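Below: the structure, in structure tokens.
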Amino acid sequence: MLTPNVHSAKIVAETLSTCGSGSPYRPSSQCRACRTHGYDAECRSRSSLGYFWHVTDFHYDDSYGKSGQSCKIPVSNPGLFGTDYCDSPLRLIEDSIRTMAEIKPEVDFILWTGDNAAHVSKREFSLKRNLYVIQTTTSAIKQKFPDTLVIPSFGNHDFFPADYTNGTETAFYDAVCHIWSPWIQEPEQMQTCRRGGFYSRLVSPKLRVLAVNTVFYLKRNAKSKNLTDPATQFEWLEDTLAAAREAEEKVIVSAHVPPTIPSPTVFHWFYPQYQRRYVELMTRFSDVIVAHHYGHEHSDTFKILQRHDGESA
Ligand SMILES: [Zn+2]
Ligand SMILES: [Zn+2]
């Protein structure tokens, strides 16, 4: 059974606390000091710990309990909350989100790193059904977290056919970015979302999240195999990271397919030309990027991203 991966994380106060008008990364002890200089309200609002959820890979099978199209073997008596060999019923997804809201309803934002559709063959699937699945999971999150900023990104199982995109699927990107428009509101964010499913979002005065569409770089994606920069996302990433450095912001990268090796195997998810460029870019900005969050592997792992020459990580 594939269960949704759900994680919560603390944003450490010593790293991200801000107060007053000086350095944005003062430790909380200095923040206490700035209260005595009339910044009490600002200190209170900015020096406390922050929290976010990371949720990914719902893989909603809307045929669960009926034809069970994602099931690897025939299942005669499927469980209410899922069963071995099948993707998720809606009940499991809704219950996971309800539990998130019970454990920690007040979070600063939610990272949602894609893969909403089930592992169903393209003969049985359609673009219309794909959009229905994304609309359903979006509504499930919105219902339990109506006032929380959610930062969705695209997984390979969000496209129809799965894995297949090079940025030219204008109608698809338009439709999904519209579904996510309660959270992607700025014209610039909507523009890059519609161009290729990526955008930048400031989540606090000095912390930015970049939602990146790494499905472009996935080896299974035959449509992007011979390109160099689908939807010019690399160009945008470099410009956005440089602007963040200039503005003394820190960045969290949120995406679906990771630029790493799935343990214990020894292949990369990305095509070689994208792997080299992505790792070079991300490690060049390692002073700006505080964390990467990815989905896709259906397991909890920590990895260190190291440049090919071993110079930086
Ligand atoms: Zn997945
Ligand atoms: Zn995936």
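So you can find residues: chains in the structure tokens are A, B, ... in the order shown, residues in each start at 1, and ligands are numbered from 1 in order.
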Residues within 8 Å of ligand 1 should be enumerated using only C-alpha atoms and all ligand atoms and returned as a PDB file with N, CA and C atoms, in the first residue's frame.
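Generated output (selection.pdb):
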```
ATOM      1  N   THR A  56       3.060  14.747   0.877  1.00  0.00           N
ATOM      2  CA  THR A  56       3.407  14.404  -0.500  1.00  0.00           C
ATOM      3  C   THR A  56       2.841  13.052  -0.917  1.00  0.00           C
ATOM      4  N   ASP A  57       2.752  12.848  -2.216  1.00  0.00           N
ATOM      5  CA  ASP A  57       2.431  11.530  -2.795  1.00  0.00           C
ATOM      6  C   ASP A  57       1.133  10.921  -2.255  1.00  0.00           C
ATOM      7  N   PHE A  58       0.042  11.649  -2.415  1.00  0.00           N
ATOM      8  CA  PHE A  58      -1.262  11.106  -1.994  1.00  0.00           C
ATOM      9  C   PHE A  58      -1.670   9.910  -2.852  1.00  0.00           C
ATOM     10  N   HIS A  59      -1.381   9.951  -4.134  1.00  0.00           N
ATOM     11  CA  HIS A  59      -1.734   8.863  -5.066  1.00  0.00           C
ATOM     12  C   HIS A  59      -3.173   8.376  -4.856  1.00  0.00           C
ATOM     13  N   GLY A 114       3.440  17.060  -4.545  1.00  0.00           N
ATOM     14  CA  GLY A 114       2.932  16.405  -5.750  1.00  0.00           C
ATOM     15  C   GLY A 114       2.655  14.912  -5.711  1.00  0.00           C
ATOM     16  N   ASP A 115       2.375  14.366  -6.903  1.00  0.00           N
ATOM     17  CA  ASP A 115       1.942  12.982  -7.132  1.00  0.00           C
ATOM     18  C   ASP A 115       0.570  12.724  -6.500  1.00  0.00           C
ATOM     19  N   ASN A 116      -0.456  13.281  -7.141  1.00  0.00           N
ATOM     20  CA  ASN A 116      -1.821  13.115  -6.627  1.00  0.00           C
ATOM     21  C   ASN A 116      -2.560  11.954  -7.284  1.00  0.00           C
ATOM     22  N   GLY A 155       4.121  16.765  -9.358  1.00  0.00           N
ATOM     23  CA  GLY A 155       4.796  15.476  -9.380  1.00  0.00           C
ATOM     24  C   GLY A 155       4.621  14.810 -10.738  1.00  0.00           C
ATOM     25  N   ASN A 156       5.402  13.772 -10.998  1.00  0.00           N
ATOM     26  CA  ASN A 156       5.285  13.093 -12.303  1.00  0.00           C
ATOM     27  C   ASN A 156       3.914  12.450 -12.480  1.00  0.00           C
ATOM     28  N   HIS A 157       3.241  12.082 -11.371  1.00  0.00           N
ATOM     29  CA  HIS A 157       1.889  11.534 -11.458  1.00  0.00           C
ATOM     30  C   HIS A 157       0.822  12.625 -11.330  1.00  0.00           C
ATOM     31  N   GLY A 295       9.562  14.896  -2.673  1.00  0.00           N
ATOM     32  CA  GLY A 295       8.703  13.719  -2.501  1.00  0.00           C
ATOM     33  C   GLY A 295       9.240  12.585  -3.360  1.00  0.00           C
ATOM     34  N   HIS A 296       8.345  11.849  -3.981  1.00  0.00           N
ATOM     35  CA  HIS A 296       8.652  10.878  -5.032  1.00  0.00           C
ATOM     36  C   HIS A 296       9.165   9.521  -4.546  1.00  0.00           C
ATOM     37  N   GLU A 297      10.020   9.489  -3.519  1.00  0.00           N
ATOM     38  CA  GLU A 297      10.656   8.217  -3.155  1.00  0.00           C
ATOM     39  C   GLU A 297       9.816   7.371  -2.203  1.00  0.00           C
ATOM     40  N   HIS A 298       8.730   7.916  -1.663  1.00  0.00           N
ATOM     41  CA  HIS A 298       7.838   7.165  -0.772  1.00  0.00           C
ATOM     42  C   HIS A 298       8.581   6.595   0.428  1.00  0.00           C
TER      43      HIS A 298
END
```
Exercise for review: Pick out the residues sitting within 10 Å of A:Val290, and hand them over as JSON, numbers by chain; count only C-alpha atoms, and ignore anything fewer than 5 positions along from it in its own chain.
Suggested key: {"A": [15, 207, 250, 251, 252, 253, 285]}
Looking only at the backbone, which of the residues in stretch 51-99 of chain A does DSSP tag as strand (DSSP E or B), as an mmCIF file with N, CA and C atoms, in the first residue's frame?
```cif
data_model
loop_
_atom_site.group_PDB
_atom_site.id
_atom_site.type_symbol
_atom_site.label_atom_id
_atom_site.label_comp_id
_atom_site.auth_asym_id
_atom_site.auth_seq_id
_atom_site.Cartn_x
_atom_site.Cartn_y
_atom_site.Cartn_z
ATOM 1 N N TYR A 51 6.485 26.788 12.274
ATOM 2 C CA TYR A 51 6.211 25.380 11.950
ATOM 3 C C TYR A 51 5.647 25.271 10.543
ATOM 4 N N PHE A 52 5.971 24.152 9.908
ATOM 5 C CA PHE A 52 5.296 23.865 8.641
ATOM 6 C C PHE A 52 5.089 22.363 8.511
ATOM 7 N N TRP A 53 4.134 22.011 7.669
ATOM 8 C CA TRP A 53 3.923 20.613 7.309
ATOM 9 C C TRP A 53 4.532 20.364 5.936
ATOM 10 N N HIS A 54 4.976 19.131 5.739
ATOM 11 C CA HIS A 54 5.360 18.680 4.399
ATOM 12 C C HIS A 54 4.536 17.433 4.105
ATOM 13 N N VAL A 55 3.724 17.493 3.069
ATOM 14 C CA VAL A 55 2.877 16.350 2.705
ATOM 15 C C VAL A 55 3.090 16.039 1.219
ATOM 16 N N THR A 56 3.060 14.747 0.877
ATOM 17 C CA THR A 56 3.407 14.404 -0.500
ATOM 18 C C THR A 56 2.841 13.052 -0.917
ATOM 19 N N TYR A 60 -4.092 9.296 -5.090
ATOM 20 C CA TYR A 60 -5.514 9.013 -4.888
ATOM 21 C C TYR A 60 -6.057 8.123 -6.010
ATOM 22 N N SER A 88 -4.093 4.979 -2.612
ATOM 23 C CA SER A 88 -4.912 5.473 -1.491
ATOM 24 C C SER A 88 -6.380 5.685 -1.854
#
```
Exercise for review: Enumerate the residues of stretch 26-212 of chain A with a DSSP assignment of helix (DSSP H, G or I), computed from the backbone, and present them as number ranges by chain.
Suggested key: A: 28-35, 40-47, 90-103, 127-144, 156-158, 170-179, 187-196
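Our summary of the geometry notes that atom CA of A:Arg208 is positioned 13.3 Å from atom CA of A:His293.
Contact shell of stretch 238-249 of chain A at 9 Å (only C-alpha atoms; same-chain neighbours under 6 positions omitted): Pro24, Ser200, Pro205, Lys206, Leu207, Arg208, Leu210, Leu281, Met282, Phe285, Asp287, Val288 and Ile289 of chain A.
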Can those selected residues be exported to a file as an mmCIF file, in the first residue's frame so that it contains C-alpha atoms?
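Written file, part_2.cif:
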```cif
data_model
loop_
_atom_site.group_PDB
_atom_site.id
_atom_site.type_symbol
_atom_site.label_atom_id
_atom_site.label_comp_id
_atom_site.auth_asym_id
_atom_site.auth_seq_id
_atom_site.Cartn_x
_atom_site.Cartn_y
_atom_site.Cartn_z
ATOM 1 C CA PRO A 24 17.407 39.470 9.868
ATOM 2 C CA SER A 200 8.590 31.836 -5.868
ATOM 3 C CA PRO A 205 10.160 38.835 5.669
ATOM 4 C CA LYS A 206 13.419 36.985 4.991
ATOM 5 C CA LEU A 207 12.362 33.465 4.051
ATOM 6 C CA ARG A 208 11.362 32.428 0.524
ATOM 7 C CA LEU A 210 10.831 28.129 -4.426
ATOM 8 C CA LEU A 281 23.359 25.617 -9.308
ATOM 9 C CA MET A 282 22.046 24.498 -5.931
ATOM 10 C CA PHE A 285 23.816 28.982 -3.750
ATOM 11 C CA ASP A 287 24.798 30.050 1.403
ATOM 12 C CA VAL A 288 21.219 31.042 0.454
ATOM 13 C CA ILE A 289 19.403 27.668 0.482
#
```
Review point. Interatomic distance between atom CA of A:Ala118 and atom CA of A:His178?
Key: 21.6 Å
